[in-house]
file query03.cif (mmCIF, C-alpha atoms)
data_model
#
loop_
_atom_site.label_atom_id
_atom_site.label_comp_id
_atom_site.auth_asym_id
_atom_site.auth_seq_id
_atom_site.Cartn_x
_atom_site.Cartn_y
_atom_site.Cartn_z
CA MET F 1 0.60 0.91 21.52
CA LEU F 2 -1.91 -1.85 20.92
CA SER F 3 -4.17 0.60 19.07
CA TYR F 4 -2.28 0.05 15.81
CA GLU F 5 -0.51 -3.28 16.42
CA ILE F 6 -3.75 -5.26 16.65
CA PRO F 7 -5.10 -3.93 13.28
CA LEU F 8 -1.68 -4.67 11.76
CA ILE F 9 -1.93 -8.33 12.78
CA PHE F 10 -5.57 -8.61 11.68
CA ALA F 11 -4.68 -7.08 8.30
CA LEU F 12 -2.20 -9.91 7.75
CA LEU F 13 -4.80 -12.55 8.63
CA GLY F 14 -6.63 -11.90 5.35
CA PRO F 15 -3.77 -13.01 3.06
CA ILE F 16 -3.00 -15.86 5.48
CA LEU F 17 -6.61 -17.02 5.09
CA LEU F 18 -6.42 -16.73 1.30
CA ALA F 19 -3.11 -18.61 1.10
CA GLY F 20 -4.05 -21.24 3.65
CA GLY F 21 -0.76 -21.05 5.53
CA LEU F 22 1.80 -18.87 7.28
CA SER F 23 4.68 -19.51 4.87
CA MET F 24 5.79 -16.47 2.88
CA GLN F 25 6.69 -18.74 -0.03
CA LYS F 26 3.20 -20.26 0.07
CA MET F 27 1.65 -16.77 0.01
CA VAL F 28 3.64 -15.82 -3.08
CA LEU F 29 2.69 -19.02 -4.90
CA ALA F 30 -0.95 -18.60 -3.81
CA GLN F 31 -1.02 -15.20 -5.50
CA ARG F 32 0.14 -16.86 -8.71
CA GLU F 33 -2.63 -19.46 -8.28
CA TYR F 34 -5.27 -16.77 -7.68
CA GLY F 35 -4.09 -14.86 -10.74
CA CYS F 36 -3.82 -11.55 -8.89
CA TRP F 37 -1.93 -9.90 -6.07
CA PHE F 38 -3.56 -10.12 -2.65
CA ALA F 39 -3.59 -6.31 -2.61
CA LEU F 40 -6.67 -6.52 -4.85
CA PRO F 41 -8.96 -8.91 -2.93
CA SER F 42 -7.51 -7.58 0.34
CA LEU F 43 -7.19 -3.91 -0.63
CA LEU F 44 -8.55 -2.75 2.71
CA GLY F 45 -6.10 -5.00 4.55
CA PHE F 46 -3.21 -3.67 2.49
CA LEU F 47 -4.06 -0.06 3.35
CA ILE F 48 -4.58 -0.90 7.03
CA TYR F 49 -1.27 -2.76 7.20
CA TYR F 50 0.57 0.11 5.52
CA VAL F 51 -0.86 2.79 7.82
CA ALA F 52 -0.29 0.67 10.92
CA SER F 53 3.26 -0.15 9.83
CA ILE F 54 4.05 3.57 9.55
CA ALA F 55 2.95 3.94 13.17
CA GLU F 56 4.89 0.79 14.14
CA VAL F 57 8.20 2.13 12.82
CA ASN F 58 7.54 5.59 14.36
CA ARG F 59 7.58 7.46 11.08
CA PRO F 60 5.77 10.77 10.60
CA PRO F 61 2.96 11.58 10.98
CA PHE F 62 3.02 8.98 13.78
CA ASP F 63 6.51 9.71 15.20
CA ILE F 64 5.12 10.20 18.70
CA PRO F 65 8.16 8.80 20.62
CA GLU F 66 10.37 11.42 18.99
CA ALA F 67 7.89 14.18 19.78
CA GLU F 68 7.53 13.54 23.52
CA SER F 69 9.72 16.48 24.47
CA GLU F 70 8.66 18.58 21.45
CA LEU F 71 12.27 19.12 20.40
CA VAL F 72 13.65 19.00 16.89
CA ALA F 73 13.99 15.22 17.00
CA GLY F 74 12.99 14.29 20.56
CA TYR F 75 15.36 11.92 22.35
CA VAL F 76 17.56 11.66 19.23
CA SER F 77 18.84 15.19 19.84
CA GLU F 78 20.85 13.90 22.84
CA TYR F 79 23.04 11.73 20.61
CA SER F 80 25.63 12.54 17.99
CA GLY F 81 28.15 10.81 15.79
CA MET F 82 27.84 7.05 15.35
CA MET F 83 25.13 6.67 18.00
CA PHE F 84 22.98 9.16 16.08
CA ALA F 85 23.70 7.25 12.86
CA MET F 86 22.80 3.92 14.50
CA PHE F 87 19.40 5.26 15.53
CA PHE F 88 18.55 6.23 11.97
CA LEU F 89 20.11 3.07 10.55
CA ALA F 90 17.77 1.01 12.74
CA GLU F 91 14.82 3.21 11.73
CA PHE F 92 15.43 2.82 8.00
CA ALA F 93 16.12 -0.91 8.40
CA ASN F 94 12.77 -1.26 10.15
CA MET F 95 11.10 0.63 7.30
CA PHE F 96 12.63 -1.72 4.76
CA LEU F 97 11.53 -4.73 6.81
CA VAL F 98 7.84 -3.79 7.03
CA CYS F 99 7.79 -2.78 3.36
CA SER F 100 9.40 -6.06 2.30
CA VAL F 101 6.72 -7.96 4.24
CA ALA F 102 4.03 -5.88 2.49
CA ALA F 103 5.63 -6.53 -0.91
CA THR F 104 5.71 -10.27 -0.23
CA VAL F 105 2.26 -10.69 1.28
CA PHE F 106 0.25 -8.19 -0.79
CA LEU F 107 2.24 -7.44 -3.98
CA GLY F 108 3.36 -10.85 -5.15
CA GLY F 109 6.89 -10.81 -3.72
CA TRP F 110 9.37 -12.00 -6.33
CA LEU F 111 6.71 -12.78 -8.95
CA VAL F 112 7.40 -10.90 -12.18
CA PRO F 113 4.22 -9.26 -13.52
CA PHE F 114 2.88 -10.61 -16.83
CA MET F 115 5.48 -13.38 -16.88
CA ALA F 116 4.89 -17.05 -16.09
CA ILE F 117 7.15 -18.90 -13.66
CA PRO F 118 9.34 -21.38 -15.57
CA GLU F 119 9.19 -25.03 -14.55
CA GLN F 120 12.90 -24.98 -13.82
CA MET F 121 14.21 -21.87 -12.10
CA THR F 122 16.92 -20.21 -14.19
CA PRO F 123 19.55 -17.73 -12.96
CA GLY F 124 18.02 -15.09 -15.21
CA TYR F 125 14.55 -15.44 -13.69
CA ILE F 126 15.99 -15.48 -10.15
CA ALA F 127 17.90 -12.26 -10.84
CA LEU F 128 14.85 -10.65 -12.44
CA GLY F 129 12.62 -11.73 -9.55
CA THR F 130 15.10 -10.27 -7.06
CA LEU F 131 15.10 -6.94 -8.90
CA VAL F 132 11.29 -6.92 -9.02
CA PHE F 133 11.10 -7.63 -5.28
CA PHE F 134 13.50 -4.79 -4.45
CA ALA F 135 11.61 -2.47 -6.80
CA LYS F 136 8.31 -3.17 -5.05
CA THR F 137 9.90 -2.72 -1.62
CA SER F 138 11.68 0.49 -2.64
CA PHE F 139 8.43 1.92 -4.01
CA LEU F 140 6.68 1.31 -0.67
CA VAL F 141 9.61 2.90 1.18
CA PHE F 142 9.40 5.91 -1.14
CA ILE F 143 5.67 6.29 -0.41
CA MET F 144 6.43 6.14 3.31
CA MET F 145 8.99 8.94 2.91
CA TRP F 146 6.55 10.91 0.77
CA ILE F 147 3.97 10.71 3.56
CA ARG F 148 6.60 12.06 5.97
CA TRP F 149 7.18 15.09 3.79
CA THR F 150 3.46 15.76 3.31
CA PHE F 151 1.45 15.30 6.53
CA PRO F 152 1.90 16.99 9.92
CA ARG F 153 2.37 15.07 13.15
CA VAL F 154 -0.76 13.79 14.89
CA ARG F 155 -1.52 13.75 18.61
CA PRO F 156 -1.37 10.48 20.60
CA ASP F 157 -5.14 10.52 21.24
CA HIS F 158 -5.78 10.95 17.51
CA LEU F 159 -3.63 7.90 16.78
CA MET F 160 -5.50 5.83 19.36
CA ASN F 161 -8.84 6.96 17.94
CA LEU F 162 -7.67 6.02 14.46
CA GLY F 163 -6.57 2.59 15.64
CA TRP F 164 -9.54 1.58 17.81
CA LYS F 165 -12.42 3.34 16.04
CA TYR F 166 -11.44 2.86 12.39
CA LEU F 167 -8.52 0.51 11.72
CA PHE F 168 -9.61 -2.30 14.04
CA PRO F 169 -13.26 -2.53 12.81
CA LEU F 170 -12.12 -2.22 9.20
CA SER F 171 -9.54 -4.98 9.72
CA LEU F 172 -12.33 -7.28 10.91
CA LEU F 173 -14.36 -6.30 7.84
CA ASN F 174 -11.37 -7.12 5.62
CA LEU F 175 -11.07 -10.53 7.26
CA LEU F 176 -14.73 -11.20 6.51
CA ILE F 177 -14.27 -10.19 2.86
CA CYS F 178 -11.20 -12.41 2.49
CA ALA F 179 -13.13 -15.35 3.91
CA GLY F 180 -15.87 -14.76 1.34
CA VAL F 181 -13.29 -14.52 -1.46
CA ALA F 182 -11.72 -17.84 -0.40
CA VAL F 183 -15.14 -19.51 -0.47
CA LEU F 184 -15.99 -18.02 -3.88
CA LYS F 185 -12.74 -19.28 -5.37
CA ASP F 186 -13.30 -22.82 -4.12
CA VAL F 187 -17.00 -22.99 -5.05
CA TYR F 188 -17.25 -20.97 -8.28
CA LYS F 189 -13.62 -21.26 -9.51
CA LEU F 190 -13.31 -17.52 -10.16
CA ASN F 191 -10.20 -16.12 -11.81
CA GLY F 192 -8.11 -13.22 -10.55
CA TRP F 193 -10.26 -10.47 -12.07
CA GLY F 194 -13.47 -12.08 -10.82
CA ILE F 195 -12.06 -12.37 -7.32
CA SER F 196 -10.88 -8.75 -7.37
CA LEU F 197 -14.20 -7.40 -8.63
CA ALA F 198 -16.17 -9.47 -6.12
CA SER F 199 -14.06 -8.32 -3.16
CA LEU F 200 -14.01 -4.65 -4.22
CA GLY F 201 -17.76 -4.74 -4.88
CA ALA F 202 -18.41 -6.23 -1.44
CA LEU F 203 -16.20 -3.57 0.16
CA VAL F 204 -17.99 -0.71 -1.61
CA LEU F 205 -21.41 -2.16 -0.76
CA ILE F 206 -20.58 -2.55 2.93
CA LEU F 207 -19.12 0.95 3.18
CA LEU F 208 -22.23 2.40 1.52
CA LEU F 209 -24.44 0.53 3.98
CA LEU F 210 -22.39 1.91 6.86
CA GLN F 211 -22.91 5.42 5.50
CA VAL F 212 -26.68 4.89 5.21
CA VAL F 213 -27.11 3.22 8.61
CA ARG F 214 -24.98 5.39 10.86
CA ILE F 215 -24.59 4.46 14.52
CA PRO F 216 -24.88 7.53 16.78
CA ARG F 217 -21.68 8.50 18.53
CA PRO F 218 -21.54 8.15 22.34
CA ASP F 219 -21.12 11.90 22.85
CA SER F 220 -24.39 12.53 20.95
CA PHE F 221 -26.25 10.63 23.69
CA LEU F 222 -24.50 12.70 26.35
CA GLU F 223 -25.53 15.90 24.60
CA LYS F 224 -29.18 14.80 24.63
CA VAL F 225 -29.01 13.99 28.33
#
call {"tool": "encode", "arguments": {"input": "query03.cif", "output": "structure tokens"}}
result
Amino acid sequence: MLSYEIPLIFALLGPILLAGGLSMQKMVLAQREYGCWFALPSLLGFLIYYVASIAEVNRPPFDIPEAESELVAGYVSEYSGMMFAMFFLAEFANMFLVCSVAATVFLGGWLVPFMAIPEQMTPGYIALGTLVFFAKTSFLVFIMMWIRWTFPRVRPDHLMNLGWKYLFPLSLLNLLICAGVAVLKDVYKLNGWGISLASLGALVLILLLLQVVRIPRPDSFLEKV
């Protein structure tokens, strides 16, 4: 469904704009240059990407393909043995993939928190960075499983409403905030905390303005007619 794939792509455009390139390595090094993870200046984008990625990998509460026939596990119930195991192996591999992308783009990737990168990479730092990367990815996978255990399945029309009415406009708002953060860093030379506070303050201000100036829903006009 395009309702959640388009916000997922737009959520990644924010870190791409901040890093100035599509290279994952460049994004990781840009987060070191900014002095903070991109999950702080692009907090809205991180949340949008995470929610859309849950829908992309068909995990609950967005496991709509498995719920088409309203059976215990949908189409998976027709398979057993190794074919059943391959389905779930692909599902968990897809989970690890989207979480590893989130860890790289938004959470600093292999950067070790509170530790400077040495001028010459040592085997110890490489091993520590690998463990940190897998820890970040495993934490995101755990949160995805936690969501599965907590929330009930949603209907397809609810997922489309979430994607088109909320995630897509908010992803455009996140792109606008990231563009402002990139300009502030180049003009005013803000550090990581300044960038984070500026982006979070802009997000809160815009959300408050949207609450004050509410646009009437289309069905409210129909009710008046």
call {"tool": "residues_around", "arguments": {"input": "query03.cif", "residues": "F:Ala179", "least_positions_apart": "4", "cutoff": "9 Å", "atoms": "only C-alpha atoms", "output": "compact mmCIF listing (two decimals) with C-alpha atoms, in the coordinates of the input"}}
result
# COMPACT_ATOMS: atom_id res chain seq x y z
CA GLY F 14 -6.63 -11.90 5.35
CA LEU F 17 -6.61 -17.02 5.09
CA LEU F 18 -6.42 -16.73 1.30
CA ASN F 174 -11.37 -7.12 5.62
CA LEU F 175 -11.07 -10.53 7.26
CA VAL F 183 -15.14 -19.51 -0.47
CA LEU F 184 -15.99 -18.02 -3.88
call {"tool": "resolve_selection", "arguments": {"input": "query03.cif", "expression": "the PyMOL selection byres ((chain F and resi 178) around 12)", "output": "PDB file with C-alpha atoms, in the frame of the given file"}}
result
ATOM      1  CA  PHE F  10      -5.570  -8.610  11.680  1.00  0.00           C
ATOM      2  CA  ALA F  11      -4.680  -7.080   8.300  1.00  0.00           C
ATOM      3  CA  LEU F  12      -2.200  -9.910   7.750  1.00  0.00           C
ATOM      4  CA  LEU F  13      -4.800 -12.550   8.630  1.00  0.00           C
ATOM      5  CA  GLY F  14      -6.630 -11.900   5.350  1.00  0.00           C
ATOM      6  CA  PRO F  15      -3.770 -13.010   3.060  1.00  0.00           C
ATOM      7  CA  ILE F  16      -3.000 -15.860   5.480  1.00  0.00           C
ATOM      8  CA  LEU F  17      -6.610 -17.020   5.090  1.00  0.00           C
ATOM      9  CA  LEU F  18      -6.420 -16.730   1.300  1.00  0.00           C
ATOM     10  CA  ALA F  19      -3.110 -18.610   1.100  1.00  0.00           C
ATOM     11  CA  GLY F  20      -4.050 -21.240   3.650  1.00  0.00           C
ATOM     12  CA  PHE F  38      -3.560 -10.120  -2.650  1.00  0.00           C
ATOM     13  CA  ALA F  39      -3.590  -6.310  -2.610  1.00  0.00           C
ATOM     14  CA  LEU F  40      -6.670  -6.520  -4.850  1.00  0.00           C
ATOM     15  CA  PRO F  41      -8.960  -8.910  -2.930  1.00  0.00           C
ATOM     16  CA  SER F  42      -7.510  -7.580   0.340  1.00  0.00           C
ATOM     17  CA  LEU F  43      -7.190  -3.910  -0.630  1.00  0.00           C
ATOM     18  CA  LEU F  44      -8.550  -2.750   2.710  1.00  0.00           C
ATOM     19  CA  GLY F  45      -6.100  -5.000   4.550  1.00  0.00           C
ATOM     20  CA  PHE F  46      -3.210  -3.670   2.490  1.00  0.00           C
ATOM     21  CA  SER F 171      -9.540  -4.980   9.720  1.00  0.00           C
ATOM     22  CA  LEU F 172     -12.330  -7.280  10.910  1.00  0.00           C
ATOM     23  CA  LEU F 173     -14.360  -6.300   7.840  1.00  0.00           C
ATOM     24  CA  ASN F 174     -11.370  -7.120   5.620  1.00  0.00           C
ATOM     25  CA  LEU F 175     -11.070 -10.530   7.260  1.00  0.00           C
ATOM     26  CA  LEU F 176     -14.730 -11.200   6.510  1.00  0.00           C
ATOM     27  CA  ILE F 177     -14.270 -10.190   2.860  1.00  0.00           C
ATOM     28  CA  ALA F 179     -13.130 -15.350   3.910  1.00  0.00           C
ATOM     29  CA  GLY F 180     -15.870 -14.760   1.340  1.00  0.00           C
ATOM     30  CA  VAL F 181     -13.290 -14.520  -1.460  1.00  0.00           C
ATOM     31  CA  ALA F 182     -11.720 -17.840  -0.400  1.00  0.00           C
ATOM     32  CA  VAL F 183     -15.140 -19.510  -0.470  1.00  0.00           C
ATOM     33  CA  LEU F 184     -15.990 -18.020  -3.880  1.00  0.00           C
ATOM     34  CA  LYS F 185     -12.740 -19.280  -5.370  1.00  0.00           C
ATOM     35  CA  ILE F 195     -12.060 -12.370  -7.320  1.00  0.00           C
ATOM     36  CA  SER F 196     -10.880  -8.750  -7.370  1.00  0.00           C
ATOM     37  CA  ALA F 198     -16.170  -9.470  -6.120  1.00  0.00           C
ATOM     38  CA  SER F 199     -14.060  -8.320  -3.160  1.00  0.00           C
ATOM     39  CA  LEU F 200     -14.010  -4.650  -4.220  1.00  0.00           C
ATOM     40  CA  ALA F 202     -18.410  -6.230  -1.440  1.00  0.00           C
ATOM     41  CA  LEU F 203     -16.200  -3.570   0.160  1.00  0.00           C
TER      42      LEU F 203
END
call {"tool": "resolve_selection", "arguments": {"input": "query03.cif", "expression": "the PyMOL selection byres ((chain F and resi 151) around 12)", "output": "list in words"}}
result
Arg59, Pro60, Pro61, Phe62, Asp63, Met144, Met145, Trp146, Ile147, Arg148, Trp149, Thr150, Pro152, Arg153 and Val154 of chain F
call {"tool": "resolve_selection", "arguments": {"input": "query03.cif", "expression": "the PyMOL selection byres ((chain F and resi 28) around 8)", "output": "PyMOL selection string"}}
result
chain F and resi 24-27+29-32+104-105+108-111
call {"tool": "atom_distance", "arguments": {"input": "query03.cif", "atom1": "atom CA of F:Leu22", "atom2": "atom CA of F:Ala103"}}
result
15.3 Å
call {"tool": "atom_distance", "arguments": {"input": "query03.cif", "atom1": "atom CA of F:Tyr79", "atom2": "atom CA of F:Glu56"}}
result
22.2 Å
call {"tool": "closest_residue", "arguments": {"input": "query03.cif", "among": "F:Asn161, F:Gln120, F:Thr137, F:Ser80", "to": "F:Phe106", "atoms": "all atoms listed in the file"}}
result
F:Thr137
call {"tool": "atom_distance", "arguments": {"input": "query03.cif", "atom1": "atom CA of F:Leu97", "atom2": "atom CA of F:Leu167"}}
result
21.3 Å
call {"tool": "residues_around", "arguments": {"input": "query03.cif", "residues": "stretch 125-131 of chain F", "least_positions_apart": "3", "cutoff": "6 Å", "atoms": "only C-alpha atoms", "output": "list in words"}}
result
Trp110, Val112, Thr122 and Phe134 of chain F
call {"tool": "decode", "arguments": {"input": "query03.cif", "residues": "stretch 178-211 of chain F", "atoms": "N, CA and C atoms", "output": "PDB file, in the first residue's frame"}}
result
ATOM      1  N   CYS F 178      13.782  19.658   9.108  1.00  0.00           N
ATOM      2  CA  CYS F 178      15.166  19.263   8.827  1.00  0.00           C
ATOM      3  C   CYS F 178      15.868  20.268   7.929  1.00  0.00           C
ATOM      4  N   ALA F 179      15.127  20.830   6.972  1.00  0.00           N
ATOM      5  CA  ALA F 179      15.724  21.869   6.123  1.00  0.00           C
ATOM      6  C   ALA F 179      16.101  23.087   6.956  1.00  0.00           C
ATOM      7  N   GLY F 180      15.229  23.481   7.894  1.00  0.00           N
ATOM      8  CA  GLY F 180      15.556  24.597   8.775  1.00  0.00           C
ATOM      9  C   GLY F 180      16.747  24.304   9.664  1.00  0.00           C
ATOM     10  N   VAL F 181      16.848  23.061  10.160  1.00  0.00           N
ATOM     11  CA  VAL F 181      17.991  22.684  11.005  1.00  0.00           C
ATOM     12  C   VAL F 181      19.290  22.749  10.212  1.00  0.00           C
ATOM     13  N   ALA F 182      19.271  22.284   8.955  1.00  0.00           N
ATOM     14  CA  ALA F 182      20.473  22.334   8.124  1.00  0.00           C
ATOM     15  C   ALA F 182      20.922  23.776   7.885  1.00  0.00           C
ATOM     16  N   VAL F 183      19.960  24.669   7.677  1.00  0.00           N
ATOM     17  CA  VAL F 183      20.303  26.083   7.480  1.00  0.00           C
ATOM     18  C   VAL F 183      20.866  26.690   8.764  1.00  0.00           C
ATOM     19  N   LEU F 184      20.245  26.374   9.908  1.00  0.00           N
ATOM     20  CA  LEU F 184      20.730  26.908  11.180  1.00  0.00           C
ATOM     21  C   LEU F 184      22.151  26.455  11.482  1.00  0.00           C
ATOM     22  N   LYS F 185      22.455  25.210  11.163  1.00  0.00           N
ATOM     23  CA  LYS F 185      23.808  24.718  11.434  1.00  0.00           C
ATOM     24  C   LYS F 185      24.847  25.433  10.566  1.00  0.00           C
ATOM     25  N   ASP F 186      24.506  25.685   9.323  1.00  0.00           N
ATOM     26  CA  ASP F 186      25.466  26.339   8.434  1.00  0.00           C
ATOM     27  C   ASP F 186      25.616  27.822   8.751  1.00  0.00           C
ATOM     28  N   VAL F 187      24.525  28.481   9.157  1.00  0.00           N
ATOM     29  CA  VAL F 187      24.563  29.930   9.373  1.00  0.00           C
ATOM     30  C   VAL F 187      25.056  30.271  10.770  1.00  0.00           C
ATOM     31  N   TYR F 188      24.467  29.612  11.799  1.00  0.00           N
ATOM     32  CA  TYR F 188      24.752  29.980  13.190  1.00  0.00           C
ATOM     33  C   TYR F 188      25.724  29.031  13.879  1.00  0.00           C
ATOM     34  N   LYS F 189      26.152  27.965  13.198  1.00  0.00           N
ATOM     35  CA  LYS F 189      27.141  27.029  13.752  1.00  0.00           C
ATOM     36  C   LYS F 189      26.684  26.457  15.099  1.00  0.00           C
ATOM     37  N   LEU F 190      25.436  25.995  15.158  1.00  0.00           N
ATOM     38  CA  LEU F 190      24.918  25.438  16.397  1.00  0.00           C
ATOM     39  C   LEU F 190      25.521  24.065  16.655  1.00  0.00           C
ATOM     40  N   ASN F 191      25.626  23.712  17.953  1.00  0.00           N
ATOM     41  CA  ASN F 191      26.096  22.386  18.309  1.00  0.00           C
ATOM     42  C   ASN F 191      24.921  21.409  18.347  1.00  0.00           C
ATOM     43  N   GLY F 192      25.199  20.186  18.790  1.00  0.00           N
ATOM     44  CA  GLY F 192      24.164  19.157  18.781  1.00  0.00           C
ATOM     45  C   GLY F 192      22.966  19.488  19.644  1.00  0.00           C
ATOM     46  N   TRP F 193      23.228  20.005  20.871  1.00  0.00           N
ATOM     47  CA  TRP F 193      22.109  20.336  21.759  1.00  0.00           C
ATOM     48  C   TRP F 193      21.304  21.510  21.217  1.00  0.00           C
ATOM     49  N   GLY F 194      21.983  22.506  20.647  1.00  0.00           N
ATOM     50  CA  GLY F 194      21.259  23.634  20.061  1.00  0.00           C
ATOM     51  C   GLY F 194      20.387  23.211  18.898  1.00  0.00           C
ATOM     52  N   ILE F 195      20.916  22.328  18.062  1.00  0.00           N
ATOM     53  CA  ILE F 195      20.141  21.824  16.930  1.00  0.00           C
ATOM     54  C   ILE F 195      18.927  21.039  17.416  1.00  0.00           C
ATOM     55  N   SER F 196      19.128  20.192  18.432  1.00  0.00           N
ATOM     56  CA  SER F 196      18.025  19.377  18.947  1.00  0.00           C
ATOM     57  C   SER F 196      16.934  20.246  19.567  1.00  0.00           C
ATOM     58  N   LEU F 197      17.348  21.235  20.372  1.00  0.00           N
ATOM     59  CA  LEU F 197      16.360  22.108  21.000  1.00  0.00           C
ATOM     60  C   LEU F 197      15.610  22.939  19.971  1.00  0.00           C
ATOM     61  N   ALA F 198      16.324  23.418  18.948  1.00  0.00           N
ATOM     62  CA  ALA F 198      15.669  24.217  17.915  1.00  0.00           C
ATOM     63  C   ALA F 198      14.653  23.394  17.139  1.00  0.00           C
ATOM     64  N   SER F 199      15.005  22.166  16.771  1.00  0.00           N
ATOM     65  CA  SER F 199      14.089  21.328  15.998  1.00  0.00           C
ATOM     66  C   SER F 199      12.897  20.885  16.835  1.00  0.00           C
ATOM     67  N   LEU F 200      13.137  20.491  18.089  1.00  0.00           N
ATOM     68  CA  LEU F 200      12.024  20.080  18.947  1.00  0.00           C
ATOM     69  C   LEU F 200      11.115  21.257  19.274  1.00  0.00           C
ATOM     70  N   GLY F 201      11.708  22.445  19.480  1.00  0.00           N
ATOM     71  CA  GLY F 201      10.890  23.629  19.725  1.00  0.00           C
ATOM     72  C   GLY F 201      10.025  23.982  18.522  1.00  0.00           C
ATOM     73  N   ALA F 202      10.604  23.889  17.323  1.00  0.00           N
ATOM     74  CA  ALA F 202       9.819  24.158  16.111  1.00  0.00           C
ATOM     75  C   ALA F 202       8.702  23.148  15.948  1.00  0.00           C
ATOM     76  N   LEU F 203       8.972  21.883  16.261  1.00  0.00           N
ATOM     77  CA  LEU F 203       7.934  20.851  16.157  1.00  0.00           C
ATOM     78  C   LEU F 203       6.790  21.108  17.123  1.00  0.00           C
ATOM     79  N   VAL F 204       7.121  21.422  18.378  1.00  0.00           N
ATOM     80  CA  VAL F 204       6.077  21.700  19.368  1.00  0.00           C
ATOM     81  C   VAL F 204       5.265  22.929  18.983  1.00  0.00           C
ATOM     82  N   LEU F 205       5.935  23.972  18.501  1.00  0.00           N
ATOM     83  CA  LEU F 205       5.240  25.196  18.108  1.00  0.00           C
ATOM     84  C   LEU F 205       4.278  24.939  16.951  1.00  0.00           C
ATOM     85  N   ILE F 206       4.718  24.188  15.953  1.00  0.00           N
ATOM     86  CA  ILE F 206       3.858  23.919  14.802  1.00  0.00           C
ATOM     87  C   ILE F 206       2.672  23.057  15.202  1.00  0.00           C
ATOM     88  N   LEU F 207       2.893  22.053  16.052  1.00  0.00           N
ATOM     89  CA  LEU F 207       1.786  21.210  16.494  1.00  0.00           C
ATOM     90  C   LEU F 207       0.773  21.999  17.328  1.00  0.00           C
ATOM     91  N   LEU F 208       1.256  22.935  18.144  1.00  0.00           N
ATOM     92  CA  LEU F 208       0.340  23.784  18.908  1.00  0.00           C
ATOM     93  C   LEU F 208      -0.480  24.687  17.985  1.00  0.00           C
ATOM     94  N   LEU F 209       0.167  25.225  16.960  1.00  0.00           N
ATOM     95  CA  LEU F 209      -0.564  26.051  16.000  1.00  0.00           C
ATOM     96  C   LEU F 209      -1.629  25.234  15.263  1.00  0.00           C
ATOM     97  N   LEU F 210      -1.298  23.991  14.946  1.00  0.00           N
ATOM     98  CA  LEU F 210      -2.287  23.142  14.280  1.00  0.00           C
ATOM     99  C   LEU F 210      -3.466  22.833  15.196  1.00  0.00           C
ATOM    100  N   GLN F 211      -3.215  22.747  16.500  1.00  0.00           N
ATOM    101  CA  GLN F 211      -4.310  22.524  17.440  1.00  0.00           C
ATOM    102  C   GLN F 211      -5.189  23.763  17.576  1.00  0.00           C
TER     103      GLN F 211
END
